[in-house]
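S.K.: Before I ask anything, here is the structure I am working with.
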Amino acid sequence: MNPAKPSTGTAAAAISGVVVERDPARMRAAVLAAQRGGRRVGFVPTMGALHAGHGSLVAQALARCDDVVASVFVNPSQFGPTEDFSRYPRPFAADCALLASQGVRWVFAPETESLYPAGHATAVVVTGPAEPFEGMLRPGHFSGVATVVCRLFLAVPADVALFGAKDWQQTLVVRRMVRDLGLPIEIEVCPTVRESDGLALSSRNAYLSPADRQRAVALHESLCQAAALWGAGQDVTAIEAAMRHILEQRGVSIDYAAVVDRDTLATQIPPGSPAVALVAGRLGTTRLIDNQELPPRPRPPG
Ligand code: PAF
């Protein structure tokens, strides 16, 4: 247990100037009380190791709501056995200080056992948008995400939850779960925040060596090229080949580089529908993902 955090049995504590709540039932009661008082509550779920992308989600939540809750929980069930769960950065006090400085009212930082009680036997499984891409390459990942997000929404019954567009497929999975289960929460997807050279902010960027950090810009470059070629009317096969070429030139080991339907991730994009370019690749031991929305193209005449 992180000694900077109060334990579940004790009342919420103030850490770095923000109220840290560890207990799901007490968290839920606090949000419901605020809402009974007429306050609109926004929720930003995170795994911590916060950066300006999270900061932007919090800022947008604060602009739309009276109170904001951010959760900090490194969710074990969304990591595969060979993934980076144990080394995932956990700078909890710094995260709390950042959230406090932004005006977040509560940090929800549950113990693993309070979200996953001993002997738990329940998981949320989303099919459809959860199946291709990350779903194929990271079996169980989206079930882990859907399960924890559902559990977090029970503890934080906010009016609106905000997610970053960088994890595009995740946003589709969360939206589908909320729709299918009728969960009473709005989902808002906010734009990706980028470094000045275009690299999308991610907690995993911290793993990159200086040389890999330079090469990582290839993901954004491949997406810019996809947008340009899409706008010029190129077919999807040619766009995907151009994306792969850029990534290969920079030595990115490609997991996928694809242009698909924006809302279903289907490879067939109906004429006049929006698309999305998706990219995932590895630099050394670091795996990065990114995407670019592509606006609908005019339907061919006739
Ligand atoms: O995007 C993330 O940081 C995580 O997948 C989330 C939504 C907080 C669930 O653990």
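We name chains A, B, ... following the order of the structure tokens; residues begin at 1 in each chain, and ligands are numbered from 1 as shown.
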Show me, as JSON lines, the residues of chain A having an atom within 10 Å of ligand 1, each with the closest atom pair and its distance in Å, using only C-alpha atoms and all ligand atoms.
M.R.:
{"residue": "A:Val44", "atom": "CA", "partner": "ligand 1", "partner_atom_place_in_ligand_line": "8 (C)", "distance": 8.0}
{"residue": "A:Pro45", "atom": "CA", "partner": "ligand 1", "partner_atom_place_in_ligand_line": "8 (C)", "distance": 4.5}
{"residue": "A:Thr46", "atom": "CA", "partner": "ligand 1", "partner_atom_place_in_ligand_line": "8 (C)", "distance": 3.7}
{"residue": "A:Met47", "atom": "CA", "partner": "ligand 1", "partner_atom_place_in_ligand_line": "3 (O)", "distance": 4.7}
{"residue": "A:Gly48", "atom": "CA", "partner": "ligand 1", "partner_atom_place_in_ligand_line": "3 (O)", "distance": 7.5}
{"residue": "A:Ala49", "atom": "CA", "partner": "ligand 1", "partner_atom_place_in_ligand_line": "3 (O)", "distance": 9.5}
{"residue": "A:Leu50", "atom": "CA", "partner": "ligand 1", "partner_atom_place_in_ligand_line": "3 (O)", "distance": 9.4}
{"residue": "A:His54", "atom": "CA", "partner": "ligand 1", "partner_atom_place_in_ligand_line": "3 (O)", "distance": 9.0}
{"residue": "A:Ala70", "atom": "CA", "partner": "ligand 1", "partner_atom_place_in_ligand_line": "8 (C)", "distance": 9.5}
{"residue": "A:Ser71", "atom": "CA", "partner": "ligand 1", "partner_atom_place_in_ligand_line": "8 (C)", "distance": 7.5}
{"residue": "A:Val72", "atom": "CA", "partner": "ligand 1", "partner_atom_place_in_ligand_line": "8 (C)", "distance": 7.5}
{"residue": "A:Phe73", "atom": "CA", "partner": "ligand 1", "partner_atom_place_in_ligand_line": "10 (O)", "distance": 6.7}
{"residue": "A:Val74", "atom": "CA", "partner": "ligand 1", "partner_atom_place_in_ligand_line": "10 (O)", "distance": 6.4}
{"residue": "A:Asn75", "atom": "CA", "partner": "ligand 1", "partner_atom_place_in_ligand_line": "10 (O)", "distance": 5.2}
{"residue": "A:Pro76", "atom": "CA", "partner": "ligand 1", "partner_atom_place_in_ligand_line": "10 (O)", "distance": 8.5}
{"residue": "A:Ser77", "atom": "CA", "partner": "ligand 1", "partner_atom_place_in_ligand_line": "10 (O)", "distance": 8.6}
{"residue": "A:Gln78", "atom": "CA", "partner": "ligand 1", "partner_atom_place_in_ligand_line": "10 (O)", "distance": 7.1}
{"residue": "A:Phe79", "atom": "CA", "partner": "ligand 1", "partner_atom_place_in_ligand_line": "10 (O)", "distance": 9.7}
{"residue": "A:His141", "atom": "CA", "partner": "ligand 1", "partner_atom_place_in_ligand_line": "5 (O)", "distance": 9.0}
{"residue": "A:Phe142", "atom": "CA", "partner": "ligand 1", "partner_atom_place_in_ligand_line": "5 (O)", "distance": 8.5}
{"residue": "A:Gly144", "atom": "CA", "partner": "ligand 1", "partner_atom_place_in_ligand_line": "10 (O)", "distance": 7.7}
{"residue": "A:Val145", "atom": "CA", "partner": "ligand 1", "partner_atom_place_in_ligand_line": "9 (C)", "distance": 5.0}
{"residue": "A:Ala146", "atom": "CA", "partner": "ligand 1", "partner_atom_place_in_ligand_line": "9 (C)", "distance": 7.6}
{"residue": "A:Thr147", "atom": "CA", "partner": "ligand 1", "partner_atom_place_in_ligand_line": "9 (C)", "distance": 8.7}
{"residue": "A:Val148", "atom": "CA", "partner": "ligand 1", "partner_atom_place_in_ligand_line": "9 (C)", "distance": 6.1}
{"residue": "A:Val149", "atom": "CA", "partner": "ligand 1", "partner_atom_place_in_ligand_line": "9 (C)", "distance": 5.7}
{"residue": "A:Cys150", "atom": "CA", "partner": "ligand 1", "partner_atom_place_in_ligand_line": "9 (C)", "distance": 9.5}
{"residue": "A:Leu152", "atom": "CA", "partner": "ligand 1", "partner_atom_place_in_ligand_line": "9 (C)", "distance": 8.6}
{"residue": "A:Ala161", "atom": "CA", "partner": "ligand 1", "partner_atom_place_in_ligand_line": "7 (C)", "distance": 10.0}
{"residue": "A:Leu162", "atom": "CA", "partner": "ligand 1", "partner_atom_place_in_ligand_line": "7 (C)", "distance": 9.3}
{"residue": "A:Phe163", "atom": "CA", "partner": "ligand 1", "partner_atom_place_in_ligand_line": "1 (O)", "distance": 7.0}
{"residue": "A:Gly164", "atom": "CA", "partner": "ligand 1", "partner_atom_place_in_ligand_line": "1 (O)", "distance": 7.4}
{"residue": "A:Ala165", "atom": "CA", "partner": "ligand 1", "partner_atom_place_in_ligand_line": "1 (O)", "distance": 9.6}
{"residue": "A:Lys166", "atom": "CA", "partner": "ligand 1", "partner_atom_place_in_ligand_line": "1 (O)", "distance": 8.9}
{"residue": "A:Asp167", "atom": "CA", "partner": "ligand 1", "partner_atom_place_in_ligand_line": "1 (O)", "distance": 6.7}
{"residue": "A:Trp168", "atom": "CA", "partner": "ligand 1", "partner_atom_place_in_ligand_line": "1 (O)", "distance": 9.9}
{"residue": "A:Gln170", "atom": "CA", "partner": "ligand 1", "partner_atom_place_in_ligand_line": "5 (O)", "distance": 7.2}
{"residue": "A:Thr171", "atom": "CA", "partner": "ligand 1", "partner_atom_place_in_ligand_line": "7 (C)", "distance": 8.6}
{"residue": "A:Val174", "atom": "CA", "partner": "ligand 1", "partner_atom_place_in_ligand_line": "7 (C)", "distance": 8.4}
{"residue": "A:Ser202", "atom": "CA", "partner": "ligand 1", "partner_atom_place_in_ligand_line": "3 (O)", "distance": 9.3}
{"residue": "A:Ser203", "atom": "CA", "partner": "ligand 1", "partner_atom_place_in_ligand_line": "3 (O)", "distance": 8.9}
S.K.: I'd like the interatomic distance between atom CA of A:Ala29 and atom CA of A:Val126, to a tenth of an Å.
M.R.: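 Atom-to-atom, atom CA of A:Ala29 to atom CA of A:Val126, that is 28.4 Å.
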S.K.: Quick one: distance from atom CA of A:Ala52 to atom CA of A:Ala227 in Å, one decimal?
M.R.: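 Between atom CA of A:Ala52 and atom CA of A:Ala227 the gap works out to 24.6 Å.
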S.K.: Measuring atom to atom with only C-alpha atoms, identify which of A:Ala34, A:Val217, A:Gln234, A:Asp290 is nearest to A:Glu195.
M.R.: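 Under the stated criterion, the closest residue is A:Val217.
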S.K.: Nearest residue to A:Ala61 out of A:Cys190, A:Gly119, A:Arg28, A:Glu221, using only C-alpha atoms?
M.R.: A:Cys190
S.K.: Identify which of the residues A:Glu293, A:Asp180, A:Glu186, A:Glu248 lies closest to A:Cys224, counting only C-alpha atoms when measuring atom-to-atom distances.
M.R.: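 Nearest candidate to A:Cys224 out of A:Glu293, A:Asp180, A:Glu186, A:Glu248: A:Glu293.
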S.K.: Excluding same-chain residues fewer than 2 positions from A:Gly55, what lies within 10 Å of it counting only C-alpha atoms, as a list in words?
M.R.: Val44, Leu50, His51, Ala52, Gly53, Leu57, Val58, Ala59, Gln60, Ala61, Leu98, Leu99, Gln102 and Val193 of chain A
S.K.: With N, CA, C and O atoms kept, could you save the residues just selected as a PDB file, in the first residue's frame?
M.R.:
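Full text of out26.pdb as output:
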ATOM      1  N   VAL A  44     -13.010  12.336 -14.324  1.00  0.00           N
ATOM      2  CA  VAL A  44     -11.883  12.037 -15.220  1.00  0.00           C
ATOM      3  C   VAL A  44     -11.186  10.780 -14.690  1.00  0.00           C
ATOM      4  O   VAL A  44     -10.433  10.850 -13.716  1.00  0.00           O
ATOM      5  N   LEU A  50       0.210  11.548 -14.337  1.00  0.00           N
ATOM      6  CA  LEU A  50      -0.561  12.532 -15.102  1.00  0.00           C
ATOM      7  C   LEU A  50       0.335  13.449 -15.921  1.00  0.00           C
ATOM      8  O   LEU A  50       1.452  13.784 -15.528  1.00  0.00           O
ATOM      9  N   HIS A  51      -0.189  13.849 -17.063  1.00  0.00           N
ATOM     10  CA  HIS A  51       0.504  14.784 -17.952  1.00  0.00           C
ATOM     11  C   HIS A  51      -0.512  15.812 -18.438  1.00  0.00           C
ATOM     12  O   HIS A  51      -1.685  15.791 -18.018  1.00  0.00           O
ATOM     13  N   ALA A  52      -0.065  16.673 -19.347  1.00  0.00           N
ATOM     14  CA  ALA A  52      -0.941  17.778 -19.773  1.00  0.00           C
ATOM     15  C   ALA A  52      -2.202  17.289 -20.495  1.00  0.00           C
ATOM     16  O   ALA A  52      -3.201  18.014 -20.566  1.00  0.00           O
ATOM     17  N   GLY A  53      -2.168  16.061 -21.025  1.00  0.00           N
ATOM     18  CA  GLY A  53      -3.384  15.505 -21.632  1.00  0.00           C
ATOM     19  C   GLY A  53      -4.461  15.306 -20.569  1.00  0.00           C
ATOM     20  O   GLY A  53      -5.633  15.671 -20.760  1.00  0.00           O
ATOM     21  N   LEU A  57      -8.178  17.278 -19.840  1.00  0.00           N
ATOM     22  CA  LEU A  57      -9.472  16.647 -19.510  1.00  0.00           C
ATOM     23  C   LEU A  57     -10.063  17.273 -18.251  1.00  0.00           C
ATOM     24  O   LEU A  57     -11.263  17.571 -18.184  1.00  0.00           O
ATOM     25  N   VAL A  58      -9.190  17.483 -17.254  1.00  0.00           N
ATOM     26  CA  VAL A  58      -9.660  18.094 -15.997  1.00  0.00           C
ATOM     27  C   VAL A  58     -10.166  19.514 -16.266  1.00  0.00           C
ATOM     28  O   VAL A  58     -11.226  19.917 -15.773  1.00  0.00           O
ATOM     29  N   ALA A  59      -9.415  20.259 -17.068  1.00  0.00           N
ATOM     30  CA  ALA A  59      -9.825  21.649 -17.353  1.00  0.00           C
ATOM     31  C   ALA A  59     -11.187  21.661 -18.053  1.00  0.00           C
ATOM     32  O   ALA A  59     -12.049  22.496 -17.739  1.00  0.00           O
ATOM     33  N   GLN A  60     -11.378  20.725 -18.971  1.00  0.00           N
ATOM     34  CA  GLN A  60     -12.667  20.700 -19.670  1.00  0.00           C
ATOM     35  C   GLN A  60     -13.795  20.243 -18.742  1.00  0.00           C
ATOM     36  O   GLN A  60     -14.928  20.721 -18.837  1.00  0.00           O
ATOM     37  N   ALA A  61     -13.478  19.340 -17.833  1.00  0.00           N
ATOM     38  CA  ALA A  61     -14.481  18.920 -16.844  1.00  0.00           C
ATOM     39  C   ALA A  61     -14.854  20.097 -15.946  1.00  0.00           C
ATOM     40  O   ALA A  61     -16.039  20.335 -15.661  1.00  0.00           O
ATOM     41  N   LEU A  98      -0.903  18.046  -8.605  1.00  0.00           N
ATOM     42  CA  LEU A  98      -1.352  18.607  -9.885  1.00  0.00           C
ATOM     43  C   LEU A  98      -2.870  18.765  -9.901  1.00  0.00           C
ATOM     44  O   LEU A  98      -3.406  19.813 -10.289  1.00  0.00           O
ATOM     45  N   LEU A  99      -3.564  17.727  -9.438  1.00  0.00           N
ATOM     46  CA  LEU A  99      -5.031  17.767  -9.453  1.00  0.00           C
ATOM     47  C   LEU A  99      -5.544  18.854  -8.500  1.00  0.00           C
ATOM     48  O   LEU A  99      -6.507  19.564  -8.817  1.00  0.00           O
ATOM     49  N   GLN A 102      -5.263  22.237  -9.997  1.00  0.00           N
ATOM     50  CA  GLN A 102      -6.268  22.507 -11.035  1.00  0.00           C
ATOM     51  C   GLN A 102      -7.663  22.756 -10.458  1.00  0.00           C
ATOM     52  O   GLN A 102      -8.552  23.184 -11.179  1.00  0.00           O
ATOM     53  N   VAL A 193      -3.841  15.777 -26.778  1.00  0.00           N
ATOM     54  CA  VAL A 193      -2.859  16.851 -26.559  1.00  0.00           C
ATOM     55  C   VAL A 193      -1.498  16.321 -27.029  1.00  0.00           C
ATOM     56  O   VAL A 193      -1.144  15.170 -26.774  1.00  0.00           O
TER      57      VAL A 193
END
S.K.: Give the answer as one residue: which of A:Leu208, A:Met243, A:Ala123, A:Leu201 has the shortest atom-to-atom distance to A:Ile289, using only C-alpha atoms?
M.R.: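 That would be A:Leu201, the residue with the smallest distance to A:Ile289.
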S.K.: For the atom pair atom CA of A:Ala25 and atom CA of A:Ile187, what is the interatomic distance in Å to one decimal place?
M.R.: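 Separation between atom CA of A:Ala25 and atom CA of A:Ile187: 22.3 Å.
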S.K.: Fewer than 3 positions away in the same chain doesn't count, so skip those; otherwise give me all residues within 7 Å of A:Val260, counting only C-alpha atoms, as a PyMOL selection string.
M.R.: chain A and resi 265-269+275-277
S.K.: As a PDB file with C-alpha atoms, in the first residue's frame, please: the residues near A:Trp106 (cut-off 10 Å, only C-alpha atoms, same-chain neighbours under 2 positions excluded).
M.R.:
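Below you can see selection30.pdb, which holds the result:
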ATOM      1  CA  ALA A  12     -10.980  10.643   3.355  1.00  0.00           C
ATOM      2  CA  ALA A  13      -7.703  12.538   3.835  1.00  0.00           C
ATOM      3  CA  ALA A  14      -6.328  15.702   2.283  1.00  0.00           C
ATOM      4  CA  GLY A  17      -4.485  19.976  -0.839  1.00  0.00           C
ATOM      5  CA  VAL A  18      -7.045  17.641  -2.435  1.00  0.00           C
ATOM      6  CA  VAL A  19      -9.456  15.233  -0.734  1.00  0.00           C
ATOM      7  CA  VAL A  20      -8.346  11.644  -1.388  1.00  0.00           C
ATOM      8  CA  GLU A  21     -11.104   9.068  -1.016  1.00  0.00           C
ATOM      9  CA  MET A  27     -17.003   8.189  -2.720  1.00  0.00           C
ATOM     10  CA  ALA A  30     -20.099  12.216  -1.547  1.00  0.00           C
ATOM     11  CA  VAL A  31     -20.947  12.529  -5.252  1.00  0.00           C
ATOM     12  CA  PHE A  43     -15.330  12.578 -13.698  1.00  0.00           C
ATOM     13  CA  ASP A  67     -17.191  19.623  -9.011  1.00  0.00           C
ATOM     14  CA  VAL A  68     -14.639  17.284 -10.566  1.00  0.00           C
ATOM     15  CA  VAL A  69     -13.515  13.847  -9.393  1.00  0.00           C
ATOM     16  CA  ALA A  70     -10.374  12.283 -10.866  1.00  0.00           C
ATOM     17  CA  SER A  71      -9.613   8.649 -10.201  1.00  0.00           C
ATOM     18  CA  CYS A  96      -2.494  14.777  -6.231  1.00  0.00           C
ATOM     19  CA  LEU A  99      -5.031  17.767  -9.453  1.00  0.00           C
ATOM     20  CA  ALA A 100      -5.243  20.051  -6.408  1.00  0.00           C
ATOM     21  CA  GLY A 103      -9.166  22.640  -8.577  1.00  0.00           C
ATOM     22  CA  VAL A 104     -10.237  18.973  -8.543  1.00  0.00           C
ATOM     23  CA  PHE A 108     -10.679   8.609  -5.910  1.00  0.00           C
ATOM     24  CA  ALA A 109      -7.803   6.195  -5.318  1.00  0.00           C
TER      25      ALA A 109
END
S.K.: Excluding same-chain residues fewer than 2 positions from A:Leu283, what lies within 12 Å of it counting only C-alpha atoms, as an MDAnalysis selection string?
M.R.: chainID A and resid 204:205 207:219 247:248 250:255 280:281 285:289
S.K.: Write the residues of the selection above to a file with N, CA, C and O atoms, as a compact mmCIF listing (two decimals), in the first residue's frame.
M.R.:
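Saved to result.txt:
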# COMPACT_ATOMS: atom_id res chain seq x y z
N ARG A 204 3.27 6.62 -21.11
CA ARG A 204 4.31 5.68 -21.55
C ARG A 204 5.44 6.38 -22.30
O ARG A 204 6.48 5.76 -22.53
N ASN A 205 5.27 7.64 -22.68
CA ASN A 205 6.38 8.35 -23.35
C ASN A 205 7.60 8.41 -22.43
O ASN A 205 8.74 8.52 -22.90
N TYR A 207 8.98 6.16 -20.91
CA TYR A 207 9.86 5.00 -21.09
C TYR A 207 10.84 5.18 -22.25
O TYR A 207 11.79 4.41 -22.38
N LEU A 208 10.59 6.15 -23.15
CA LEU A 208 11.37 6.24 -24.40
C LEU A 208 12.79 6.72 -24.13
O LEU A 208 13.00 7.69 -23.39
N SER A 209 13.77 6.07 -24.76
CA SER A 209 15.14 6.58 -24.73
C SER A 209 15.16 7.86 -25.57
O SER A 209 14.26 8.06 -26.40
N PRO A 210 16.19 8.73 -25.42
CA PRO A 210 16.21 9.95 -26.24
C PRO A 210 16.13 9.64 -27.74
O PRO A 210 15.42 10.32 -28.48
N ALA A 211 16.81 8.58 -28.19
CA ALA A 211 16.78 8.25 -29.63
C ALA A 211 15.38 7.79 -30.03
O ALA A 211 14.85 8.20 -31.09
N ASP A 212 14.76 6.95 -29.22
CA ASP A 212 13.40 6.48 -29.54
C ASP A 212 12.39 7.62 -29.46
O ASP A 212 11.42 7.66 -30.23
N ARG A 213 12.64 8.55 -28.55
CA ARG A 213 11.73 9.71 -28.45
C ARG A 213 11.72 10.47 -29.78
O ARG A 213 10.67 10.93 -30.23
N GLN A 214 12.90 10.61 -30.38
CA GLN A 214 12.97 11.32 -31.68
C GLN A 214 12.23 10.56 -32.76
O GLN A 214 11.50 11.13 -33.56
N ARG A 215 12.41 9.21 -32.75
CA ARG A 215 11.79 8.40 -33.79
C ARG A 215 10.27 8.29 -33.61
O ARG A 215 9.53 8.04 -34.56
N ALA A 216 9.83 8.51 -32.37
CA ALA A 216 8.40 8.33 -32.06
C ALA A 216 7.51 9.31 -32.83
O ALA A 216 6.31 9.06 -33.00
N VAL A 217 8.09 10.39 -33.28
CA VAL A 217 7.30 11.38 -34.03
C VAL A 217 6.75 10.77 -35.33
O VAL A 217 5.81 11.29 -35.94
N ALA A 218 7.32 9.63 -35.73
CA ALA A 218 6.85 8.95 -36.95
C ALA A 218 5.37 8.59 -36.87
O ALA A 218 4.68 8.57 -37.90
N LEU A 219 4.87 8.32 -35.67
CA LEU A 219 3.45 7.97 -35.58
C LEU A 219 2.59 9.14 -36.05
O LEU A 219 1.69 8.98 -36.86
N LEU A 247 6.59 4.86 -41.11
CA LEU A 247 6.92 4.19 -39.84
C LEU A 247 8.17 3.32 -40.00
O LEU A 247 9.07 3.33 -39.13
N GLU A 248 8.24 2.60 -41.11
CA GLU A 248 9.39 1.71 -41.34
C GLU A 248 10.67 2.52 -41.49
O GLU A 248 11.72 2.14 -40.95
N ARG A 250 11.50 5.16 -40.08
CA ARG A 250 11.97 5.62 -38.75
C ARG A 250 12.26 4.45 -37.79
O ARG A 250 12.48 4.66 -36.61
N GLY A 251 12.11 3.23 -38.31
CA GLY A 251 12.43 2.07 -37.48
C GLY A 251 11.38 1.73 -36.44
O GLY A 251 11.69 1.10 -35.42
N VAL A 252 10.13 2.12 -36.70
CA VAL A 252 9.05 1.74 -35.77
C VAL A 252 8.60 0.32 -36.15
O VAL A 252 8.35 0.04 -37.33
N SER A 253 8.52 -0.55 -35.17
CA SER A 253 8.02 -1.91 -35.42
C SER A 253 6.48 -1.84 -35.38
O SER A 253 5.88 -1.59 -34.33
N ILE A 254 5.86 -2.04 -36.55
CA ILE A 254 4.44 -1.69 -36.70
C ILE A 254 3.54 -2.82 -36.17
O ILE A 254 3.70 -3.97 -36.56
N ASP A 255 2.59 -2.46 -35.32
CA ASP A 255 1.53 -3.40 -34.95
C ASP A 255 0.36 -3.26 -35.93
O ASP A 255 -0.21 -4.23 -36.35
N ALA A 280 -0.35 1.84 -34.35
CA ALA A 280 0.28 1.33 -33.12
C ALA A 280 1.62 0.75 -33.50
O ALA A 280 1.74 0.07 -34.53
N GLY A 281 2.63 1.04 -32.70
CA GLY A 281 3.95 0.49 -33.02
C GLY A 281 4.83 0.50 -31.79
O GLY A 281 4.51 1.10 -30.76
N THR A 285 11.28 -1.17 -26.13
CA THR A 285 10.29 -1.92 -25.35
C THR A 285 9.02 -1.10 -25.13
O THR A 285 8.14 -1.50 -24.37
N THR A 286 8.92 0.06 -25.78
CA THR A 286 7.77 0.94 -25.55
C THR A 286 6.77 0.82 -26.69
O THR A 286 7.14 0.92 -27.86
N ARG A 287 5.52 0.60 -26.32
CA ARG A 287 4.47 0.50 -27.34
C ARG A 287 3.62 1.77 -27.28
O ARG A 287 3.15 2.16 -26.21
N LEU A 288 3.45 2.41 -28.45
CA LEU A 288 2.68 3.65 -28.51
C LEU A 288 1.52 3.48 -29.49
O LEU A 288 1.64 2.74 -30.48
N ILE A 289 0.42 4.20 -29.23
CA ILE A 289 -0.70 4.23 -30.18
C ILE A 289 -1.07 5.68 -30.43
O ILE A 289 -0.79 6.57 -29.61
